[in-house]
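Heads up, the thing below is written out as structure tokens.
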Amino acid sequence: MRTFAMGEKTRLDDSAIRVEFEVSGEGLAAYCFSLGAADPDVVCTARPASLTSAVALVAGGTGTAEFHVDLAAVDDLVDRLVFAVGAQAPGFGAGSLIRLLGADGEIGRFVLPVAELTRERALILAEVYRRDGWRFGAVGQGYEAGVDELVRDLGGDPEQTLIVAAMPADAEPTRATPDPVDSAAPEAKPESVPEPEPEPESAPQPEPEPEPESAPEPSPARAPAAVEEPPAPVYEGRGDRVLSIDRPVGSGPFLVELEGRGTENFVVWTLNAELETDKLLANAIGAYRGRALVDERGGHTSRLKIEADGEWTVRLLAPDAARVLTDRLAGSGPETVRWTGPRTVLAMTHRGDSNFIVGTFAEHGTEDAYLGTLANTIGDYEGESILPKGPCLIELEADGDWSLTADGG
């Protein structure tokens, strides 16, 4: 593994790259600024994707963040991508670093010289820029006055360019107090209770007396069915909401099935314990349907932040509800599937216009559950990789038709 020194640069051979932050500090917010057009463009938690710079914030957004970049799709006017972090208090913690990853895994990392960054409240971590192709540079330039000063140094107006992404969730819970799903569920149960009442009236027939004796036997069989209902809760609503959820499993990963029925933006994030956005589950315009994996690397998600202009449905499923890959599986859009076979070769295809990312995770849902990325590209794809031994979960980020074919030979 390569460790970059401050100011060190390298040529990028991969067009699809990932830039990951692991920075400690107080009140952090992660940014990617694209430069070259009239005004700097920014990707952060409040605006998690940019078509011009082909950058998407797919996880985190504070001191922990994961940006996906398709260099082949970056607009010709954009010649520089600047990855930065802002803080509410000066200084950054020991061990803070930024990682650069390509198709074959980690290319290298840049560990921040924290002993020299005790007064800074903003920091340019790294940049990706054009020079006979694309190159990566480790920067480490600090700004004592914070992100405003950083944006001005990039040639932008902070009031127009900067979108503060670290704290917006603080105001959201007040809008989430009316939880229509929880109140609607109890109303539905009383409506179904009056219907069985006529049955006791027809029940007192002379001959069916032995049947009541057998009736108690089905009732224990129905009890397990009632126990199975919590693992598949369904929430329905409309518009923006911070949604409190009942997890379908006590711990570990689970699936979130999302359906948006609006005409404009449909964005769904998980929230951590501090009400900060954590993982981006959906980011689409118009109707949307897909399944995403939550808490696959640890965590205990209990809230989702939904931005929508129309009606939506959220279904929570245990991991064993995922479709199982045996030899071949096909689908369309975001999905999570299970693999229980041996280590093998996996052939993958995708027909779409946006990200196609295939990641694998162990089912125990801890920090070391990540097993590897099998594909990370934009648009159409056809290729092979090594699928680890199961049981494991395969998360697909896709906007078109895809197929997975396992070769056990």
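Identifiers in the structure tokens: chain A, B, ... in order shown; residue index from 1 per chain; ligand index from 1 in order shown.
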
Problem - Arg289 of chain A surroundings by only C-alpha atoms, 12 Å radius, close-in-sequence under 5 positions cut, as an MDAnalysis selection string - result: chainID A and resid 256:262 266:268 281:284 312:315 331:335 398:400

Exercise for the section: Can you pull out every residue within 9 Å of segment 142-152 of chain A, counting only C-alpha atoms, but drop anything in the same chain fewer than 2 positions away, and send it as a VMD selection string? Expected result: chain A and resid 33 40 84 to 88 90 117 119 to 125 140 154 to 159 161 to 162

Please write the residues from the selection above to a file, keeping N, CA and C atoms, as a PDB file, in the first residue's frame.
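Here's the written file out_10.pdb:
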ATOM      1  N   PHE A  33     -15.279  20.131  -4.391  1.00  0.00           N
ATOM      2  CA  PHE A  33     -15.508  21.294  -5.236  1.00  0.00           C
ATOM      3  C   PHE A  33     -14.965  21.013  -6.636  1.00  0.00           C
ATOM      4  N   PRO A  40     -17.378  27.721  -8.746  1.00  0.00           N
ATOM      5  CA  PRO A  40     -17.135  26.372  -8.204  1.00  0.00           C
ATOM      6  C   PRO A  40     -18.452  25.672  -7.889  1.00  0.00           C
ATOM      7  N   ALA A  84     -12.209  18.473   0.269  1.00  0.00           N
ATOM      8  CA  ALA A  84     -11.929  19.300   1.439  1.00  0.00           C
ATOM      9  C   ALA A  84     -12.815  18.908   2.604  1.00  0.00           C
ATOM     10  N   VAL A  85     -12.434  19.353   3.800  1.00  0.00           N
ATOM     11  CA  VAL A  85     -13.223  19.125   5.005  1.00  0.00           C
ATOM     12  C   VAL A  85     -13.225  20.408   5.826  1.00  0.00           C
ATOM     13  N   GLY A  86     -14.369  20.722   6.419  1.00  0.00           N
ATOM     14  CA  GLY A  86     -14.484  21.870   7.303  1.00  0.00           C
ATOM     15  C   GLY A  86     -14.817  21.415   8.707  1.00  0.00           C
ATOM     16  N   ALA A  87     -14.446  22.229   9.707  1.00  0.00           N
ATOM     17  CA  ALA A  87     -14.674  21.881  11.108  1.00  0.00           C
ATOM     18  C   ALA A  87     -15.206  23.100  11.851  1.00  0.00           C
ATOM     19  N   GLN A  88     -15.979  22.863  12.917  1.00  0.00           N
ATOM     20  CA  GLN A  88     -16.473  23.949  13.748  1.00  0.00           C
ATOM     21  C   GLN A  88     -15.416  24.444  14.719  1.00  0.00           C
ATOM     22  N   PRO A  90     -11.051  24.435  15.746  1.00  0.00           N
ATOM     23  CA  PRO A  90      -9.739  24.266  15.114  1.00  0.00           C
ATOM     24  C   PRO A  90      -9.114  22.906  15.415  1.00  0.00           C
ATOM     25  N   LEU A 117      -1.468  21.091  12.130  1.00  0.00           N
ATOM     26  CA  LEU A 117      -2.804  21.597  11.809  1.00  0.00           C
ATOM     27  C   LEU A 117      -3.604  21.809  13.088  1.00  0.00           C
ATOM     28  N   ARG A 119      -4.544  24.985  14.328  1.00  0.00           N
ATOM     29  CA  ARG A 119      -5.371  26.198  14.322  1.00  0.00           C
ATOM     30  C   ARG A 119      -6.339  26.254  13.152  1.00  0.00           C
ATOM     31  N   GLU A 120      -6.200  25.347  12.209  1.00  0.00           N
ATOM     32  CA  GLU A 120      -7.030  25.367  11.002  1.00  0.00           C
ATOM     33  C   GLU A 120      -8.433  24.826  11.258  1.00  0.00           C
ATOM     34  N   ARG A 121      -9.427  25.439  10.605  1.00  0.00           N
ATOM     35  CA  ARG A 121     -10.822  24.963  10.670  1.00  0.00           C
ATOM     36  C   ARG A 121     -11.331  24.486   9.315  1.00  0.00           C
ATOM     37  N   ALA A 122     -10.474  24.466   8.329  1.00  0.00           N
ATOM     38  CA  ALA A 122     -10.802  23.901   7.021  1.00  0.00           C
ATOM     39  C   ALA A 122      -9.512  23.413   6.389  1.00  0.00           C
ATOM     40  N   LEU A 123      -9.642  22.430   5.521  1.00  0.00           N
ATOM     41  CA  LEU A 123      -8.448  21.794   4.980  1.00  0.00           C
ATOM     42  C   LEU A 123      -8.737  21.212   3.610  1.00  0.00           C
ATOM     43  N   ILE A 124      -7.892  21.537   2.630  1.00  0.00           N
ATOM     44  CA  ILE A 124      -7.919  20.830   1.353  1.00  0.00           C
ATOM     45  C   ILE A 124      -7.095  19.563   1.524  1.00  0.00           C
ATOM     46  N   LEU A 125      -7.739  18.420   1.432  1.00  0.00           N
ATOM     47  CA  LEU A 125      -7.069  17.143   1.636  1.00  0.00           C
ATOM     48  C   LEU A 125      -6.306  16.708   0.392  1.00  0.00           C
ATOM     49  N   GLY A 140      -3.118  18.911   1.694  1.00  0.00           N
ATOM     50  CA  GLY A 140      -2.916  19.235   3.107  1.00  0.00           C
ATOM     51  C   GLY A 140      -2.807  20.720   3.388  1.00  0.00           C
ATOM     52  N   LEU A 154     -10.564  29.349  -3.746  1.00  0.00           N
ATOM     53  CA  LEU A 154     -10.870  28.596  -4.960  1.00  0.00           C
ATOM     54  C   LEU A 154     -11.537  29.463  -6.024  1.00  0.00           C
ATOM     55  N   GLY A 155     -11.771  30.744  -5.687  1.00  0.00           N
ATOM     56  CA  GLY A 155     -12.361  31.655  -6.651  1.00  0.00           C
ATOM     57  C   GLY A 155     -13.863  31.758  -6.587  1.00  0.00           C
ATOM     58  N   GLY A 156     -14.469  31.305  -5.487  1.00  0.00           N
ATOM     59  CA  GLY A 156     -15.921  31.325  -5.364  1.00  0.00           C
ATOM     60  C   GLY A 156     -16.403  32.302  -4.313  1.00  0.00           C
ATOM     61  N   ASP A 157     -17.701  32.568  -4.338  1.00  0.00           N
ATOM     62  CA  ASP A 157     -18.363  33.390  -3.340  1.00  0.00           C
ATOM     63  C   ASP A 157     -19.011  32.448  -2.327  1.00  0.00           C
ATOM     64  N   PRO A 158     -18.576  32.450  -1.068  1.00  0.00           N
ATOM     65  CA  PRO A 158     -19.128  31.499  -0.093  1.00  0.00           C
ATOM     66  C   PRO A 158     -20.641  31.530   0.003  1.00  0.00           C
ATOM     67  N   GLU A 159     -21.247  32.703  -0.097  1.00  0.00           N
ATOM     68  CA  GLU A 159     -22.696  32.796   0.044  1.00  0.00           C
ATOM     69  C   GLU A 159     -23.417  32.097  -1.098  1.00  0.00           C
ATOM     70  N   THR A 161     -21.713  29.707  -3.304  1.00  0.00           N
ATOM     71  CA  THR A 161     -21.122  28.392  -3.585  1.00  0.00           C
ATOM     72  C   THR A 161     -21.344  27.403  -2.465  1.00  0.00           C
ATOM     73  N   LEU A 162     -21.178  27.863  -1.225  1.00  0.00           N
ATOM     74  CA  LEU A 162     -21.105  26.943  -0.105  1.00  0.00           C
ATOM     75  C   LEU A 162     -22.478  26.494   0.352  1.00  0.00           C
TER      76      LEU A 162
END

Could you give me, as CSV, a per-residue list for segment 95-121 of chain A showing, wherever an atom lies at most 12 Å from an atom of segment 377-386 of chain A, the closest pair of atoms and their distance in Å to one decimal, using only C-alpha atoms and sorting by chain then residue number from low to high?
residue,atom,partner,partner_atom,distance
A:Gly102,CA,A:Thr377,CA,9.9
A:Ala103,CA,A:Thr377,CA,8.2
A:Asp104,CA,A:Ser385,CA,10.2

Handout entry: Residue among A:Asn265, A:Ser96, A:Asn376, A:Ser50 lying closest to Leu81 of chain A, counting only C-alpha atoms
Key = A:Ser50

Exercise for the section: Find the residue from A:Thr3, A:Ala115, A:Asp353, A:Ala72 that sits nearest to Arg99 of chain A; use only C-alpha atoms when measuring. Expected result: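 Checking each of A:Thr3, A:Ala115, A:Asp353, A:Ala72 against Arg99 of chain A, counting only C-alpha atoms, the winner is A:Thr3.
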
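Around Leu329 of chain A, within 8 Å and counting only C-alpha atoms, the residues found are Ser403, Leu404 and Thr405 of chain A, once anything fewer than 6 positions away on its own chain is removed.
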
Kindly export the residues of the current selection with all heavy atoms, as an mmCIF file, in the first residue's frame.
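Saved file result.cif follows:
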data_model
loop_
_atom_site.group_PDB
_atom_site.id
_atom_site.type_symbol
_atom_site.label_atom_id
_atom_site.label_comp_id
_atom_site.auth_asym_id
_atom_site.auth_seq_id
_atom_site.Cartn_x
_atom_site.Cartn_y
_atom_site.Cartn_z
ATOM 1 N N SER A 403 -27.064 -8.379 -14.782
ATOM 2 C CA SER A 403 -27.108 -9.828 -14.574
ATOM 3 C C SER A 403 -25.859 -10.269 -13.825
ATOM 4 O O SER A 403 -24.787 -9.662 -13.968
ATOM 5 C CB SER A 403 -27.194 -10.583 -15.911
ATOM 6 O OG SER A 403 -25.981 -10.451 -16.641
ATOM 7 N N LEU A 404 -26.016 -11.294 -12.996
ATOM 8 C CA LEU A 404 -24.918 -11.931 -12.263
ATOM 9 C C LEU A 404 -24.925 -13.414 -12.596
ATOM 10 O O LEU A 404 -25.962 -14.065 -12.481
ATOM 11 C CB LEU A 404 -25.078 -11.751 -10.755
ATOM 12 C CG LEU A 404 -25.222 -10.309 -10.208
ATOM 13 C CD1 LEU A 404 -25.449 -10.349 -8.701
ATOM 14 C CD2 LEU A 404 -24.005 -9.473 -10.556
ATOM 15 N N THR A 405 -23.779 -13.940 -13.001
ATOM 16 C CA THR A 405 -23.686 -15.365 -13.346
ATOM 17 C C THR A 405 -22.497 -15.965 -12.612
ATOM 18 O O THR A 405 -21.350 -15.550 -12.811
ATOM 19 C CB THR A 405 -23.513 -15.561 -14.856
ATOM 20 O OG1 THR A 405 -24.582 -14.908 -15.550
ATOM 21 C CG2 THR A 405 -23.522 -17.044 -15.205
#

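By only C-alpha atoms, and with residues fewer than 5 positions from Leu97 of chain A along its chain excluded, the set lying at most 8 Å from it is Phe21, Glu22, Val23, Arg109, Phe110, Val111 and Leu112 of chain A.
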
Practice task
Tell me which of A:Ser302, A:Thr349, A:Thr263, A:Ser251 sits closest to Glu363 of chain A, counting only C-alpha atoms.
Solution key: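 Of A:Ser302, A:Thr349, A:Thr263, A:Ser251, the one nearest Glu363 of chain A is A:Ser251, counting only C-alpha atoms.
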
Handout entry: Interatomic distance (Å, one decimal) between atom CA of Ala65 of chain A and atom CA of Pro319 of chain A
Key =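 Spanning atom CA of Ala65 of chain A to atom CA of Pro319 of chain A is a straight-line distance of 24.7 Å.
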
Handout entry: Residue nearest Thr366 of chain A - candidates A:Val294, A:Met348, A:Cys44, A:Val19, atoms counted: only C-alpha atoms
Key = A:Val294

Exercise for the section: Take atom CA of Ile394 of chain A and atom CA of Gly286 of chain A and report the distance between them in Å, one decimal. Expected result: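 It comes out at 25.9 Å.
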
Handout entry: Ala16 of chain A surroundings by only C-alpha atoms, 12 Å radius, close-in-sequence under 4 positions cut, as a ChimeraX atom specification
Key = /A:12,54-56,67-74,100-105,134,354-357,375-379

Go ahead and dump the residues you just picked, N, CA and C atoms, as a PDB file, in the first residue's frame.
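The new file out19.pdb reads:
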ATOM      1  N   LEU A  12      -3.431   8.821 -12.722  1.00  0.00           N
ATOM      2  CA  LEU A  12      -4.570   7.936 -12.510  1.00  0.00           C
ATOM      3  C   LEU A  12      -4.845   7.152 -13.784  1.00  0.00           C
ATOM      4  N   ALA A  54     -19.508  14.724 -12.388  1.00  0.00           N
ATOM      5  CA  ALA A  54     -19.647  13.265 -12.300  1.00  0.00           C
ATOM      6  C   ALA A  54     -19.177  12.736 -10.951  1.00  0.00           C
ATOM      7  N   VAL A  55     -19.496  13.494  -9.888  1.00  0.00           N
ATOM      8  CA  VAL A  55     -19.126  13.122  -8.524  1.00  0.00           C
ATOM      9  C   VAL A  55     -20.391  12.817  -7.742  1.00  0.00           C
ATOM     10  N   ALA A  56     -20.352  11.756  -6.936  1.00  0.00           N
ATOM     11  CA  ALA A  56     -21.490  11.410  -6.076  1.00  0.00           C
ATOM     12  C   ALA A  56     -20.983  11.088  -4.679  1.00  0.00           C
ATOM     13  N   PHE A  67     -16.749   9.400  -1.668  1.00  0.00           N
ATOM     14  CA  PHE A  67     -17.096  10.024  -2.940  1.00  0.00           C
ATOM     15  C   PHE A  67     -16.754   9.061  -4.082  1.00  0.00           C
ATOM     16  N   HIS A  68     -17.701   8.899  -5.016  1.00  0.00           N
ATOM     17  CA  HIS A  68     -17.444   8.140  -6.235  1.00  0.00           C
ATOM     18  C   HIS A  68     -17.309   9.127  -7.395  1.00  0.00           C
ATOM     19  N   VAL A  69     -16.295   8.933  -8.225  1.00  0.00           N
ATOM     20  CA  VAL A  69     -16.007   9.852  -9.325  1.00  0.00           C
ATOM     21  C   VAL A  69     -15.843   9.057 -10.610  1.00  0.00           C
ATOM     22  N   ASP A  70     -16.534   9.484 -11.675  1.00  0.00           N
ATOM     23  CA  ASP A  70     -16.347   8.926 -13.007  1.00  0.00           C
ATOM     24  C   ASP A  70     -15.606   9.965 -13.843  1.00  0.00           C
ATOM     25  N   LEU A  71     -14.296   9.820 -13.935  1.00  0.00           N
ATOM     26  CA  LEU A  71     -13.486  10.833 -14.614  1.00  0.00           C
ATOM     27  C   LEU A  71     -13.829  10.925 -16.100  1.00  0.00           C
ATOM     28  N   ALA A  72     -14.274   9.814 -16.679  1.00  0.00           N
ATOM     29  CA  ALA A  72     -14.610   9.836 -18.098  1.00  0.00           C
ATOM     30  C   ALA A  72     -15.848  10.681 -18.376  1.00  0.00           C
ATOM     31  N   ALA A  73     -16.664  10.901 -17.366  1.00  0.00           N
ATOM     32  CA  ALA A  73     -17.914  11.647 -17.552  1.00  0.00           C
ATOM     33  C   ALA A  73     -17.828  13.089 -17.068  1.00  0.00           C
ATOM     34  N   VAL A  74     -16.665  13.527 -16.562  1.00  0.00           N
ATOM     35  CA  VAL A  74     -16.523  14.897 -16.085  1.00  0.00           C
ATOM     36  C   VAL A  74     -16.628  15.863 -17.272  1.00  0.00           C
ATOM     37  N   LEU A 100      -7.418   6.826  -1.555  1.00  0.00           N
ATOM     38  CA  LEU A 100      -7.722   6.824  -2.977  1.00  0.00           C
ATOM     39  C   LEU A 100      -7.832   5.376  -3.432  1.00  0.00           C
ATOM     40  N   LEU A 101      -8.969   5.022  -4.059  1.00  0.00           N
ATOM     41  CA  LEU A 101      -9.199   3.648  -4.494  1.00  0.00           C
ATOM     42  C   LEU A 101      -9.562   3.614  -5.972  1.00  0.00           C
ATOM     43  N   GLY A 102      -9.121   2.561  -6.646  1.00  0.00           N
ATOM     44  CA  GLY A 102      -9.454   2.332  -8.041  1.00  0.00           C
ATOM     45  C   GLY A 102     -10.164   1.006  -8.215  1.00  0.00           C
ATOM     46  N   ALA A 103     -10.177   0.502  -9.432  1.00  0.00           N
ATOM     47  CA  ALA A 103     -10.899  -0.733  -9.728  1.00  0.00           C
ATOM     48  C   ALA A 103     -10.314  -1.933  -8.986  1.00  0.00           C
ATOM     49  N   ASP A 104      -9.004  -1.923  -8.717  1.00  0.00           N
ATOM     50  CA  ASP A 104      -8.353  -3.065  -8.069  1.00  0.00           C
ATOM     51  C   ASP A 104      -8.135  -2.860  -6.568  1.00  0.00           C
ATOM     52  N   GLY A 105      -8.798  -1.861  -5.997  1.00  0.00           N
ATOM     53  CA  GLY A 105      -8.657  -1.633  -4.564  1.00  0.00           C
ATOM     54  C   GLY A 105      -7.920  -0.344  -4.256  1.00  0.00           C
ATOM     55  N   TRP A 134      -5.595  12.411 -16.183  1.00  0.00           N
ATOM     56  CA  TRP A 134      -5.975  12.808 -14.826  1.00  0.00           C
ATOM     57  C   TRP A 134      -4.886  12.404 -13.837  1.00  0.00           C
ATOM     58  N   SER A 354     -25.602   5.293 -15.649  1.00  0.00           N
ATOM     59  CA  SER A 354     -24.989   5.843 -14.447  1.00  0.00           C
ATOM     60  C   SER A 354     -24.132   4.797 -13.755  1.00  0.00           C
ATOM     61  N   ASN A 355     -23.950   4.944 -12.424  1.00  0.00           N
ATOM     62  CA  ASN A 355     -23.045   4.069 -11.675  1.00  0.00           C
ATOM     63  C   ASN A 355     -23.469   2.608 -11.736  1.00  0.00           C
ATOM     64  N   PHE A 356     -22.467   1.735 -11.876  1.00  0.00           N
ATOM     65  CA  PHE A 356     -22.664   0.299 -11.663  1.00  0.00           C
ATOM     66  C   PHE A 356     -21.584  -0.137 -10.689  1.00  0.00           C
ATOM     67  N   ILE A 357     -21.986  -0.365  -9.431  1.00  0.00           N
ATOM     68  CA  ILE A 357     -21.053  -0.709  -8.365  1.00  0.00           C
ATOM     69  C   ILE A 357     -21.554  -1.982  -7.685  1.00  0.00           C
ATOM     70  N   ALA A 375     -17.063  -4.593  -8.965  1.00  0.00           N
ATOM     71  CA  ALA A 375     -17.158  -3.730 -10.144  1.00  0.00           C
ATOM     72  C   ALA A 375     -17.429  -2.315  -9.675  1.00  0.00           C
ATOM     73  N   ASN A 376     -16.866  -1.344 -10.383  1.00  0.00           N
ATOM     74  CA  ASN A 376     -17.082   0.065 -10.045  1.00  0.00           C
ATOM     75  C   ASN A 376     -16.845   0.878 -11.313  1.00  0.00           C
ATOM     76  N   THR A 377     -17.925   1.163 -12.022  1.00  0.00           N
ATOM     77  CA  THR A 377     -17.805   1.848 -13.303  1.00  0.00           C
ATOM     78  C   THR A 377     -19.060   2.660 -13.562  1.00  0.00           C
ATOM     79  N   ILE A 378     -19.119   3.302 -14.710  1.00  0.00           N
ATOM     80  CA  ILE A 378     -20.283   4.097 -15.122  1.00  0.00           C
ATOM     81  C   ILE A 378     -20.728   3.598 -16.487  1.00  0.00           C
ATOM     82  N   GLY A 379     -22.032   3.400 -16.646  1.00  0.00           N
ATOM     83  CA  GLY A 379     -22.575   3.017 -17.950  1.00  0.00           C
ATOM     84  C   GLY A 379     -22.577   1.516 -18.162  1.00  0.00           C
TER      85      GLY A 379
END

Practice task
Apply DSSP to the structure's backbone, then extract all residues of segment 217-369 of chain A labelled alpha helix (DSSP H) and return them as an MDAnalysis selection string.
Solution key: chainID A and resid 218:228

Just to be explicit: take each residue in the selection above, keep C-alpha atoms, and write the result as a PDB file, in the first residue's frame.
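The file below, out27.pdb, is the result:
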ATOM      1  CA  PRO A 218     -54.062 -23.248  15.060  1.00  0.00           C
ATOM      2  CA  SER A 219     -53.888 -20.316  17.454  1.00  0.00           C
ATOM      3  CA  PRO A 220     -50.326 -21.174  18.532  1.00  0.00           C
ATOM      4  CA  ALA A 221     -49.533 -21.504  14.829  1.00  0.00           C
ATOM      5  CA  ARG A 222     -50.835 -17.964  14.301  1.00  0.00           C
ATOM      6  CA  ALA A 223     -48.752 -16.652  17.181  1.00  0.00           C
ATOM      7  CA  PRO A 224     -45.475 -17.198  15.299  1.00  0.00           C
ATOM      8  CA  ALA A 225     -47.018 -15.384  12.319  1.00  0.00           C
ATOM      9  CA  ALA A 226     -47.614 -12.401  14.575  1.00  0.00           C
ATOM     10  CA  VAL A 227     -43.995 -12.592  15.693  1.00  0.00           C
ATOM     11  CA  GLU A 228     -42.885 -12.492  12.046  1.00  0.00           C
TER      12      GLU A 228
END
